[in-house]
Each structure stands twice: as structure tokens, then as C-alpha cells.
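> For reference, the structure I am asking about is given below.
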Amino acid sequence: MVISTNMIKTIDDIFHPRSIAVVGASQNTRSHGYQYLRFLIDSGYRGCIYPVNPRDMDILGLQTYPALEEIPGNVDYVICCINATLVVDLLRQCARKKVKAVHLFTAQLSETGDEKACHLEEEIKKEAKKLGIRLLGPNCMGIYYPRERIAFNHDLCMEPGSIGAIVQSGGLAGEIVRLATLRGVRFSKVVSYGNAADLNETDFLEYFMWDNETKVILMYIEGTRNGREFFKALRRATKIKPVIILKGGRSKAGIKSVASHTASMAGSIDTWQVVFQQAKAVQAKSLNELVDLSVAFYFLPPITGKQVGIAGGGGGKSVLSSDEYEEAGLEVIPIPEEIMKFLESKNPKITRWLGNPVDASILASLNIKSVDIIRCMAESPVFDLLSINASEDSLFFKELWIEFIESDVNGCLMIHKERLKPVVAVVGNPEMDASQVENWRWQALFRMREQLIKEGIPVFSCPGRAAAAISKLVDYYTYQKKARRDHKC
Amino acid sequence: MLNLIREAKARGQKILTEIEAKEVFRAAGIPVVKTCLAGSKEEAQMLGASLGFPVALKICSTDIVHKTEAGGVSLNLASAEEVGRAYDQMLKTAMARYPQSNIKGVTVQKMITGGVEVVAGMTRDPQFGPMIMFGLGGIFVEILKDVSFRIVPLTEEDACEMISEIKGQALLDGVRGTMPVKKEALVDILVKLSRFLEANPEIKELDINPLFADSQGAVAADARIILE
């Protein structure tokens with residue numbers, strides 16, 4: 001095992017610059033240099049920001065320097081937004097200025113597949129190596145680090161959390177952060193690393209697995225330059241913390257002319273699937289699933305049991321929820337006898353109808369609140385997790401409709417606050433347009449959704465998505481628990 | 001690196017013969033069926049008698065990879081006469097189809113009865129390097145592609161998982177009154193294969209097909225090794 005403490009220090013320095021120069025900054029609001037200045041200023045970065053541009057004196061109220069070497073103070077980190085052909089010269093200036101790391105937002109290099117561009121990237125890489133400068137990129141957005149108030153996109157949340165993300169793409173990095181933030185997830189550090197001419201996915205994985213601020217690692221990856229190193233690092237990382245991966249560009253190797261059976265069989269599989277499975281990474285198949293998994297791993301404890309209790313929602317909704325949980329590999333078990341007896345003592349009729357999932361529409365006529373049943377389930381040791389539907393399928397007029405949904409949500413909050421049981425909420429997320437924003441139903445749902453998320457409860461928009469994420473979480477922690485136990489023997 | 005592999009490489013030989021491949025596997029600790037080379041019809045008949053009928057005859061060449069397609073495999077030969085006929089036919093067909101090939105003779109081995117036919121093998125992924133395959137043999141690998149893969153190095157647990165991943169799992173656990181196969185023996189072979197591949201990077205592809213598994217253990221009935 002090779003853990004380069006140098007590498008970890010290098011990356012840690014990139015996340016903690018005391019000063020940042022934006023080379024190619026401009027008054028032109030459409031330029032990327034301008035965007036980066038806005039991101040840094042508006043996110044409240046506390047270090048020195050030095051715009052570099054030979055034509056402007058002042059950009060966004062900041063004194064602008066004609067060249068990097070004209071900057072009076074030290075420069076720890078450079079964000080490079082200039083044309084690719086100018087990068088080699090900039091690197092030489094950086095070396096004279098003793099800059100240790102350069103983020104190349106600059107693109108149109110090897111990602112184009114163009115021979116000249118690939119050659120130029122190679123030249124940039126060699127020059128940086130010769131000068132001892134580390135590169136992030138090219139063709140990437142760089143870093144987002146709420147603790148230092150550094151952002152690679154506008155108006156990102158500045159509240160720090162514990163999810164670290166390694167994202168090969170640039171635009172997707174911002175989208176992942178925004179989508180997950182809406183669900184209550186907060187990030188420790190995020191890096192968008194692009195073409196990985198120098199620092200690559202394995203270096204960042206190594207950094208994040210040892211990073212104390214990061215509890216869960218999220219990855220979006222399209223390719224790797226060294227598959228074996230990546231595989232080995234991934235295998236180590238998942239033993240330390242969960243690694244959730246979305247692989248972009250899924251394809252089979254294609255059957256080539258081969259001599260052995262084994263090789264011809266290998267042509268029909270996607271090796272990345274083998275890698276993820278063997279390394280025990282948690283695999284997401286879509287952007288939605290990546291976000292769902294980050295929500296599950298961010299909020300839920302390490303659950304290792306599969307028995308789910310479901311409450312809330314009417315008959316149809318309950319049946320569907322149950323199907324979706326079972327299909328995802330979880331077990332929707334019958335309500336235990338002692339709960340039945342207790343409820344029977346309140347109303348003898350109830351046991352004739354009640355089951356798991358709890359059909360809320362029956363409760364209305366029985367004068368038992370769903371929150372009471374939810375409490376019973378939460379206190380029962382047989383359930384590993386509860387899933388509460390705050391569903392829009394109920395049949396009542398406005399005030400009663402809201403009351404029923406609130407009762408489910410309160411049940412959810414109660415379980416969570418009293419730490420009775422891990423709980424997730426499924427809150428209907430209609431595909432609505434702006435004209436519906438004022439509608440009382442959606443208003444009520446949004447309000448409740450916000451309340452649940454604020455309290456740290458994972459919220460999903462449908463049972464199937466909740467079930468899929470929970471199932472993968474249970475599989476991961478069950479495996480780790482078993483592995484640790486076996487290790488002790 | 002094993003001497004045998006080094007010598008083959010030095011000769012520029014890319015495909016090890018079945019005899020050589022089995023020798024390599026034996027050295028790696030993987031059980032193989034006793035297999036002898038016969039340089040003539042009479043020798044093949046004598047070997048058949050001493051190994052015990054029924055036997056299997058296979059063409060032995062450094063450049064015929066797909067023996068079956070070359071008419072180079074004849075199974076269940078129950079007597080010296082059958083061995084003789086199969087020998088003549090095999091050499092005739094192989095020489096007609098591969099006139100340039102370097103034929104060393106035929107291999108003779110005792111037929112294995114009972115057990116489940118499985119396959120193990122290795123290929124190189126351009127990104128992730130050596131990968132080991134496991135699957136059910138015969139029709140299952142050909143048509144249903146019921147196989148699993150893992151990247152080298154394999155832990156024992158990886159090997160267990162790749163065996164349990166097979167859809168036709170039930171066949172290994174014993175059906176219609178047959179005894180379950182000894183999975184520990186398969187795990188052992190897969191892990192040994194992985195260690196062997198780590199130590200021998202000049203191996204490009206390999207197949208153990210078929211590998212016969214029963215309640216006592218597992219043994220390689222055929223072996224193919226292709227060098228870089």
C-alpha cells in the first residue's frame with residue numbers, strides 16, 4: 001500500500017489557499033474569468049483575490065494586475081481561464097512567483113481528441129512537472145469548499161457538511177451539489193478534475209479517504225488513466241467510508257478477436273461493473289440515484305437489517321409502497337402481535353384491517369391517529385427502519401387533508417427527535433408548474449418537506465427511489481459489518 | 001517465472017500445448033487430470049490401456065488453439081481399436097485443416113465421470129489488467145454466458161462471491177440427489193490462479209475448460225495458456 005503523504009499535503013494545500021489569482025479575469029461579464037471572480041466574491045472568500053488582466057485596471061472593485069509577477073503578495077493558487085496556447089508561458093511565470101498549484105479551467109485540450117490539442121496538453125503536463133507545479137484539470141471547474149468559502153459555481157450553499165465529491169465533469173459538479181443541497185445534504189469538499197493531466201481520480205480518492213471532514217465519498221467518473229491503481233485505491237477506500245459512484249459512458253468492451261473462451265466472454269461485460277462490485281463501491285445508475293444515495297448515506301445510520309415498516313397513505317399507495325420496497329430487496333414484515341394487541345385494546349375492530357403497510361384511510365373511521373401507530377412501530381424492535389408516506393392521495397377536504405398529512409409528518413418528526421428508529425419520509429413531489437405554486441396542497445407538502453429536511457430526515461419523492469437507496473445502504477453496511485467481524489476472527 | 005514459460009517465450013511459442021499448460025497449473029497447485037503425450041497410434045493405444053478405458057484423445061499442437069474446431073478432440077474411447085480409429089481420423093483431419101501446424105502428437109487422458117462441468121479462465125482488460133472468470137461449463141458458458149468476473153488479485157471472499165453469483169448456482173448445490181460440489185476446492189483453485197497470474201505477467205489469456213467439480217474436489221480436464 002502506497003499512501004503518499006506528499007500527495008495528500010498537495011491536495012490539502014489546494015483546498016486551503018490564502019490567496020487566489022484569477023488569470024484571464026475580465027470586465028466582460030460573459031467571460032469565465034469574470035464568473036470565477038463573482039463566485040469567489042459572492043461566496044465570501046476571505047483570502048486575497050488578485051484578478052490578472054493586462055487591459056483592465058479594476059474588475060468588480062478589485063485592483064487588477066497586468067501580469068502574475070506584478071502581484072505584490074504571495075499567490076498560493078491560480079485559476080487559469082486563458083487560452084490553452086498561453087498556458088505553458090503562464091506556468092513559467094507561476095514558477096517564478098512560487099505558485100504551487102494551478103487550476104486549469106482552460107479547455108479544448110485532450111478532451112477534443114484532436115491530435116494537436118492532445119500534444120499541447122502533454123506539453124503543459126511536462127512543463128508543470130519540470131517546474132514542480134501541480135495541475136488541477138484542464139477542462140474542469142476546480143474546487144468547492146464551503147469552510148473556506150471557495151465555490152466553482154454561483155450561489156452554492158456555504159454551510160459545510162460531510163460529503164466529499166470527486167467529479168470528472170464540470171457542469172455536473174455544480175448540478176450534483178445543487179440537487180443534493182436541496183435535499184439537505186451538505187458538502188465537505190468537492191473537486192471537479194476534468195482531463196486529469198496531473199492530479200487524477202485516484203489521487204483525490206486517496207485524499208478523501210483520509211480526510212476527516214469527509215464521511216461519505218461521492219464520485220462521478222468517465223474514465224481512468226490507471227485502472228489498477230484506481231481499483232486498489234477504491235478497494236481500500238470502501239473499507240474506511242462509503243464510496244458512491246456514478247460511471248458515465250457505460251459500454252461493453254466489444255468482442256475482439258481473441259484466442260480464449262474467457263476473453264470472448266469478457267467482451268460481453270462492462271468491466272467497470274466488476275470493479276465496483278468487487279471493490280464494494282455503492283453504484284448509482286443515474287444522477288437521480290446518485291443524489292438519492294447521498295441523501296440516504298448522509299442522514300441514515302449504518303442500518304444492517306432489512307425489515308421495513310411502512311405507514312401513511314391509503315390502500316393503493318400502501319400496496320405500491322410495499323411492492324417497491326420488496327422489489328428493492330427489503331422486507332415488509334407483518335405488524336407484530338404485541339402491537340396488534342395494544343391497538344385492539346384501543347379499538348377491537350382494528351386488527352381486522354390493519355397490516356404493514358398501515359393503510360391510513362382505515363384509521364379515519366376508527367378514531368386512532370396514525371401518529372399513535374407510528375409510535376408503536378417505532379418502539380417495536382422488529383423494524384430496522386420506518387418509511388412514512390406523507391401522501392397526497394387522501395380523500396378529504398382541505399383542512400382535514402392537511403391535518404392527516406401533518407399527523408404523518410409529526411409521527412416522522414417524533415421518531416426522529418426521540419431517536420426511536422431510523423426513518424425516511426416519502427413526500428409527494430408533483431411535476432408541477434409555476435401556476436400551481438400557490439395551490440394549498442403543494443404549499444402544504446412543500447412546507448412539510450422543508451420541515452422534515454431541516455430536522456435531518458431523508459426525504460424521497462417516491463417509495464421506489466427511497467427503497468432503492470435504502471437497500472444499497474443496508475447492503476453496504478451489512479457487508480462492512482461482516483467483513484470487520486471476519487477480520488477479528 | 002516458471003522455466004517452462006521462459007523457454008516457450010524464448011522459442012517464440014505463443015500457445016502452450018495442453019501438456020505444458022497442465023504442467024504449469026500443476027506447479028501452481030491446481031489439480032489436473034493425468035495426461036500423457038503419444039507420438040504414434042500404438043503409443044496412444046498402450047497409454048489408453050495403462051490409464052484405463054474409456055479415454056479422451058486430443059490433438060497436441062503449439063498452434064491449434066481451438067482443438068474441437070480442428071477435429072482434434074475425441075471422447076469416450078472404450079477400447080484400443082476405438083483409440084486407433086480416432087487417432088488416424090484426428091491426424092488426417094488436423095493435417096487437412098491446418099497443413100502448416102506443428103503437431104506434436106495426441107494427448108491421452110482418462111475420461112472423468114460424474115461431477116459438474118465448470119470453467120475458469122483469465123483475460124486481460126486494457127484498463128484493469130488481469131481478470132479471472134468463473135462459470136458453468138458446456139452449454140451454460142457458450143449460450144447462457146452464465147459467468148462472473150473479478151479483477152486480480154482475488155481474495156478468498158472474491159472467489160466465494162464469484163461462485164455464488166452464477167445463475168445456475170443450484171447445479172453446484174446438488175440437484176436430483178447429486179451431492180453438492182466442494183466449493184472450497186473451487187475457491188482454492190481461483191485464488192491459486194490469481195496468485196499465479198500476479199507472479200506471471202507474461203500470460204495473456206488462459207482457460208481451464210472443462211474443470212470437473214464434485215463433492216471431493218475439482219480437477220482440470222483441459223487447459224489452455226496463451227502468452228503475450
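Identifiers in this document derive from the order of the C-alpha cells: chains are assigned A, B, ..., residues are numbered from 1 separately in each chain, and ligands are numbered from 1 in order of occurrence.
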Can you check which residues of segment 15-139 of chain B DSSP gives as alpha helix (DSSP H) on the backbone and send them as JSON, numbers by chain?
{"B": [18, 19, 20, 21, 22, 23, 24, 25, 26, 27, 41, 42, 43, 44, 45, 46, 47, 48, 49, 50, 51, 80, 81, 82, 83, 84, 85, 86, 87, 88, 89, 90, 91, 92, 93, 94, 95, 96, 97, 139]}
> Which residues of chain B have any atom within 10 Å of an atom in chain A when counting only C-alpha atoms, and what is the closest pair of atoms for each, with the distance in Å to one decimal? Order the rows by chain and rising number and write it as CSV.

residue,atom,partner,partner_atom,distance
B:Ile15,CA,A:Ala259,CA,9.5
B:Val65,CA,A:Ala259,CA,6.8
B:His66,CA,A:Ala259,CA,8.0
B:Val119,CA,A:Thr262,CA,8.8
B:Ala120,CA,A:Thr262,CA,7.8
B:Gly121,CA,A:Thr262,CA,5.4
B:Met122,CA,A:Thr262,CA,5.8
B:Thr123,CA,A:Ala263,CA,5.1
B:Arg124,CA,A:Ala263,CA,7.6
B:Asp125,CA,A:Thr271,CA,7.6
B:Pro126,CA,A:Gly227,CA,8.5
B:Gln127,CA,A:Gly227,CA,4.9
B:Phe128,CA,A:Gly227,CA,4.5
B:Gly129,CA,A:Arg228,CA,6.7
B:Pro130,CA,A:Arg228,CA,9.4
B:Met131,CA,A:Ala266,CA,8.7
B:Ile132,CA,A:Thr262,CA,8.2
B:Met133,CA,A:Thr262,CA,6.4
B:Phe134,CA,A:Thr262,CA,8.7
B:Gly135,CA,A:Thr262,CA,9.7
B:Val141,CA,A:Met265,CA,8.3
B:Glu142,CA,A:His261,CA,8.8
B:Lys145,CA,A:Met265,CA,7.1
B:Asp146,CA,A:Met265,CA,9.5
B:Val147,CA,A:Met265,CA,8.0
B:Ser148,CA,A:Val274,CA,8.5
B:Phe149,CA,A:Val274,CA,6.4
B:Arg150,CA,A:Val274,CA,6.1
B:Ile151,CA,A:Val275,CA,6.9
B:Val152,CA,A:Arg228,CA,9.3
B:Pro153,CA,A:Lys232,CA,9.6
B:Leu154,CA,A:Gln278,CA,9.1
B:Thr155,CA,A:Gln278,CA,9.8
B:Glu157,CA,A:Ala483,CA,9.6
B:Asp158,CA,A:Gln278,CA,6.9
B:Glu161,CA,A:Gln278,CA,8.9
B:Met162,CA,A:Gln278,CA,9.3
B:Lys204,CA,A:Ala263,CA,9.5
B:Glu205,CA,A:Ser260,CA,6.3
B:Leu206,CA,A:Ser260,CA,6.4
B:Asp207,CA,A:Thr262,CA,6.4
B:Ile208,CA,A:Thr262,CA,9.3
B:Asn209,CA,A:His261,CA,8.6
B:Arg224,CA,A:Ser260,CA,7.7
B:Ile225,CA,A:Ser260,CA,8.4
B:Ile226,CA,A:Ala259,CA,7.7
> Could you turn the residues from that selection into a file that holds N, CA and C atoms, as a compact mmCIF listing (two decimals), in the first residue's frame?

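Output below, filename result-v7.txt:
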# COMPACT_ATOMS: atom_id res chain seq x y z
N ILE B 15 1.47 -20.24 -27.83
CA ILE B 15 0.44 -21.08 -27.23
C ILE B 15 1.11 -22.30 -26.61
N VAL B 65 -5.34 -23.62 -31.54
CA VAL B 65 -5.95 -23.15 -30.29
C VAL B 65 -7.28 -23.84 -30.06
N HIS B 66 -8.07 -23.88 -31.12
CA HIS B 66 -9.42 -24.44 -30.96
C HIS B 66 -9.41 -25.88 -31.47
N VAL B 119 -16.03 -23.86 -15.68
CA VAL B 119 -14.86 -23.30 -16.37
C VAL B 119 -14.24 -22.21 -15.50
N ALA B 120 -12.95 -22.07 -15.63
CA ALA B 120 -12.26 -20.94 -15.01
C ALA B 120 -11.32 -20.41 -16.07
N GLY B 121 -11.00 -19.15 -16.00
CA GLY B 121 -10.10 -18.61 -17.01
C GLY B 121 -9.63 -17.22 -16.66
N MET B 122 -8.82 -16.68 -17.54
CA MET B 122 -8.30 -15.34 -17.31
C MET B 122 -8.10 -14.62 -18.62
N THR B 123 -8.37 -13.32 -18.59
CA THR B 123 -8.08 -12.49 -19.74
C THR B 123 -7.58 -11.15 -19.20
N ARG B 124 -7.06 -10.32 -20.09
CA ARG B 124 -6.57 -9.01 -19.64
C ARG B 124 -7.49 -7.90 -20.12
N ASP B 125 -7.94 -7.08 -19.18
CA ASP B 125 -8.73 -5.92 -19.53
C ASP B 125 -7.74 -4.79 -19.82
N PRO B 126 -7.96 -4.03 -20.91
CA PRO B 126 -7.00 -2.97 -21.25
C PRO B 126 -6.82 -1.94 -20.12
N GLN B 127 -7.85 -1.73 -19.31
CA GLN B 127 -7.74 -0.73 -18.24
C GLN B 127 -7.39 -1.33 -16.88
N PHE B 128 -7.97 -2.50 -16.58
CA PHE B 128 -7.85 -3.02 -15.22
C PHE B 128 -6.94 -4.24 -15.10
N GLY B 129 -6.36 -4.65 -16.21
CA GLY B 129 -5.39 -5.74 -16.15
C GLY B 129 -6.04 -7.11 -16.05
N PRO B 130 -5.32 -8.08 -15.44
CA PRO B 130 -5.81 -9.45 -15.44
C PRO B 130 -7.13 -9.61 -14.69
N MET B 131 -8.06 -10.34 -15.31
CA MET B 131 -9.37 -10.61 -14.73
C MET B 131 -9.59 -12.11 -14.77
N ILE B 132 -10.15 -12.64 -13.70
CA ILE B 132 -10.44 -14.07 -13.65
C ILE B 132 -11.93 -14.30 -13.88
N MET B 133 -12.24 -15.36 -14.64
CA MET B 133 -13.63 -15.70 -14.91
C MET B 133 -13.96 -17.04 -14.28
N PHE B 134 -15.19 -17.18 -13.83
CA PHE B 134 -15.69 -18.48 -13.39
C PHE B 134 -17.08 -18.67 -13.99
N GLY B 135 -17.43 -19.89 -14.33
CA GLY B 135 -18.78 -20.13 -14.85
C GLY B 135 -19.08 -21.60 -14.93
N VAL B 141 -21.82 -21.84 -20.52
CA VAL B 141 -20.88 -20.77 -20.85
C VAL B 141 -21.08 -20.33 -22.29
N GLU B 142 -21.36 -21.31 -23.19
CA GLU B 142 -21.49 -20.98 -24.61
C GLU B 142 -22.72 -20.12 -24.88
N LYS B 145 -23.97 -17.69 -21.24
CA LYS B 145 -22.94 -16.78 -20.74
C LYS B 145 -23.07 -16.62 -19.22
N ASP B 146 -23.33 -17.74 -18.55
CA ASP B 146 -23.51 -17.69 -17.09
C ASP B 146 -22.14 -17.71 -16.41
N VAL B 147 -21.50 -16.54 -16.43
CA VAL B 147 -20.14 -16.44 -15.88
C VAL B 147 -20.03 -15.20 -14.99
N SER B 148 -19.00 -15.19 -14.15
CA SER B 148 -18.73 -14.00 -13.35
C SER B 148 -17.24 -13.67 -13.47
N PHE B 149 -16.93 -12.41 -13.27
CA PHE B 149 -15.54 -11.95 -13.39
C PHE B 149 -15.09 -11.24 -12.12
N ARG B 150 -13.79 -11.30 -11.84
CA ARG B 150 -13.19 -10.48 -10.79
C ARG B 150 -11.80 -10.06 -11.25
N ILE B 151 -11.37 -8.90 -10.74
CA ILE B 151 -10.06 -8.38 -11.06
C ILE B 151 -9.02 -9.04 -10.15
N VAL B 152 -7.87 -9.39 -10.69
CA VAL B 152 -6.76 -9.92 -9.90
C VAL B 152 -6.14 -8.76 -9.11
N PRO B 153 -5.78 -8.89 -7.85
CA PRO B 153 -5.77 -10.12 -7.05
C PRO B 153 -7.13 -10.45 -6.42
N LEU B 154 -7.40 -11.75 -6.35
CA LEU B 154 -8.64 -12.23 -5.75
C LEU B 154 -8.42 -12.60 -4.29
N THR B 155 -9.32 -12.16 -3.43
CA THR B 155 -9.31 -12.68 -2.07
C THR B 155 -10.17 -13.94 -2.08
N GLU B 157 -12.71 -14.33 -0.42
CA GLU B 157 -14.08 -13.89 -0.43
C GLU B 157 -14.54 -13.52 -1.84
N ASP B 158 -13.65 -12.88 -2.61
CA ASP B 158 -13.98 -12.58 -4.01
C ASP B 158 -14.33 -13.87 -4.73
N GLU B 161 -17.69 -15.14 -3.74
CA GLU B 161 -18.74 -14.32 -4.34
C GLU B 161 -18.93 -14.64 -5.82
N MET B 162 -17.82 -14.84 -6.52
CA MET B 162 -17.98 -15.08 -7.96
C MET B 162 -18.61 -16.44 -8.22
N LYS B 204 -1.17 -14.05 -21.26
CA LYS B 204 -2.14 -13.15 -21.88
C LYS B 204 -3.57 -13.62 -21.62
N GLU B 205 -3.80 -14.89 -21.88
CA GLU B 205 -5.15 -15.44 -21.65
C GLU B 205 -4.98 -16.88 -21.20
N LEU B 206 -5.95 -17.37 -20.46
CA LEU B 206 -5.95 -18.81 -20.17
C LEU B 206 -7.36 -19.32 -19.92
N ASP B 207 -7.53 -20.61 -20.18
CA ASP B 207 -8.81 -21.28 -19.93
C ASP B 207 -8.54 -22.60 -19.22
N ILE B 208 -9.36 -22.91 -18.23
CA ILE B 208 -9.42 -24.27 -17.72
C ILE B 208 -10.83 -24.73 -18.04
N ASN B 209 -10.97 -25.46 -19.13
CA ASN B 209 -12.30 -25.77 -19.64
C ASN B 209 -12.26 -27.11 -20.35
N ARG B 224 -5.56 -24.36 -21.37
CA ARG B 224 -5.05 -23.59 -22.49
C ARG B 224 -4.36 -22.34 -21.92
N ILE B 225 -3.14 -22.11 -22.34
CA ILE B 225 -2.43 -20.90 -21.90
C ILE B 225 -1.87 -20.19 -23.12
N ILE B 226 -2.16 -18.92 -23.22
CA ILE B 226 -1.65 -18.12 -24.33
C ILE B 226 -0.73 -17.05 -23.75
> Given only C-alpha atoms as the basis, pick out the residue of B:Glu228, B:Asp214, B:Glu7, B:Asp188 nearest to Glu202 of chain B.
B:Glu228
> Point out the residue among B:Ile163, B:Gly72, B:Val175, B:Pro31 with the least atom-to-atom distance to Gly217 of chain B, counting only C-alpha atoms.
B:Pro31
> With a distance cut-off of 6 Å and only C-alpha atoms, select the neighbouring residues of Val219 of chain B, excluding the residue or stretch itself and same-chain residues fewer than 6 positions from it, and output the selection as a ChimeraX atom specification.
/B:31-32,211-212
> Excluding same-chain residues fewer than 6 positions from Cys118 of chain A, what lies within 12 Å of it counting only C-alpha atoms, as a list in words?
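Residues meeting the cut-off are Ala84, Thr85, Ala107, Gln108, Leu109, Ser110, Glu111, Thr112, Ile124, Lys125, Pro138, Asn195 and Ala197 of chain A.
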> Could you pull out all residues of segment 346-409 of chain A with a DSSP call of strand (DSSP E) and give them as an MDAnalysis selection string?
chainID A and resid 385:390
> Using atom CA of Ser387 of chain A and atom CA of Val295 of chain A as the two end points, give the distance in Å to one decimal.
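According to the coordinates, atom CA of Ser387 of chain A and atom CA of Val295 of chain A are separated by 14.4 Å.
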> So, counting only C-alpha atoms, which residue among A:Glu418, A:Ala444, A:Ser162, A:Val382 is closest to Trp401 of chain A?
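Using only C-alpha atoms, the shortest distance to Trp401 of chain A belongs to A:Ala444.
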> Determine, counting only C-alpha atoms, which protein, DNA and RNA residues have an atom within 8 Å of an atom of Gly132 of chain A; residues of the same chain fewer than 3 positions away are not included. Present the result as a PyMOL selection string.
chain A and resi 95+100+128-129
> Residues of the last selection are to be written out with N, CA and C atoms, as an mmCIF file, in the first residue's frame.

data_model
loop_
_atom_site.group_PDB
_atom_site.id
_atom_site.type_symbol
_atom_site.label_atom_id
_atom_site.label_comp_id
_atom_site.auth_asym_id
_atom_site.auth_seq_id
_atom_site.Cartn_x
_atom_site.Cartn_y
_atom_site.Cartn_z
ATOM 1 N N ALA A 95 6.053 29.616 -11.787
ATOM 2 C CA ALA A 95 7.242 29.077 -11.126
ATOM 3 C C ALA A 95 8.062 30.215 -10.520
ATOM 4 N N LYS A 100 2.318 27.053 -6.215
ATOM 5 C CA LYS A 100 2.456 25.588 -6.116
ATOM 6 C C LYS A 100 1.424 24.822 -6.941
ATOM 7 N N ALA A 128 4.757 21.552 -16.346
ATOM 8 C CA ALA A 128 4.355 21.667 -14.942
ATOM 9 C C ALA A 128 5.200 20.731 -14.084
ATOM 10 N N LYS A 129 5.413 19.539 -14.588
ATOM 11 C CA LYS A 129 6.200 18.560 -13.845
ATOM 12 C C LYS A 129 7.631 19.065 -13.646
#
> Excluding segment 27-42 of chain A and any residue of its chain fewer than 5 positions from it, enumerate the residues within 8 Å of it, using only C-alpha atoms, and give them as a list in words.
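The filter keeps Val22, Ile49, Pro51, Asp56, Ile59, Leu60, Cys81, Arg149, Ile150, Ala151, Phe152, Asn153, His154 and Asp155 of chain A.
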> List as a VMD selection string the protein and nucleic acid residues near Val87 of chain A, meaning an atom at most 10 Å away when only C-alpha atoms are counted, but skip any in the same chain fewer than 6 places from it.
chain A and resid 80 to 81 93 104 106 120 to 121 123 to 124 127 to 128
> Using N, CA and C atoms, can you export the residues from the last selection as a short mmCIF file (atom, residue, chain, number, x, y, z; two decimals), in the first residue's frame?

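And here's again-v7.cif as it stands now:
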data_model
loop_
_atom_site.label_atom_id
_atom_site.label_comp_id
_atom_site.auth_asym_id
_atom_site.auth_seq_id
_atom_site.Cartn_x
_atom_site.Cartn_y
_atom_site.Cartn_z
N CYS A 80 -6.76 29.47 -13.88
CA CYS A 80 -6.34 29.86 -15.22
C CYS A 80 -7.49 29.79 -16.20
N CYS A 81 -7.89 30.94 -16.72
CA CYS A 81 -9.01 30.99 -17.67
C CYS A 81 -8.56 31.46 -19.05
N GLN A 93 5.73 31.69 -15.49
CA GLN A 93 5.53 32.84 -14.59
C GLN A 93 5.17 32.35 -13.18
N LEU A 104 -6.53 24.58 -14.07
CA LEU A 104 -6.73 24.93 -15.48
C LEU A 104 -8.21 24.78 -15.83
N THR A 106 -9.09 26.30 -18.35
CA THR A 106 -8.77 26.24 -19.78
C THR A 106 -9.10 24.87 -20.37
N LEU A 120 -0.49 19.44 -27.10
CA LEU A 120 -0.33 20.64 -26.27
C LEU A 120 -0.55 20.29 -24.79
N GLU A 121 -1.55 19.46 -24.52
CA GLU A 121 -1.81 19.07 -23.13
C GLU A 121 -0.60 18.33 -22.56
N GLU A 123 2.42 18.70 -23.46
CA GLU A 123 3.48 19.71 -23.26
C GLU A 123 3.25 20.48 -21.94
N ILE A 124 2.01 20.83 -21.69
CA ILE A 124 1.65 21.55 -20.45
C ILE A 124 1.99 20.68 -19.24
N GLU A 127 5.77 20.47 -18.72
CA GLU A 127 6.32 21.73 -18.21
C GLU A 127 6.00 21.87 -16.71
N ALA A 128 4.76 21.55 -16.35
CA ALA A 128 4.35 21.67 -14.94
C ALA A 128 5.20 20.73 -14.08
#
> Have a look at A:Ile143, A:Ile163, A:Leu293, A:Leu135 and name the one nearest to Tyr476 of chain A; count only C-alpha atoms.
A:Leu293
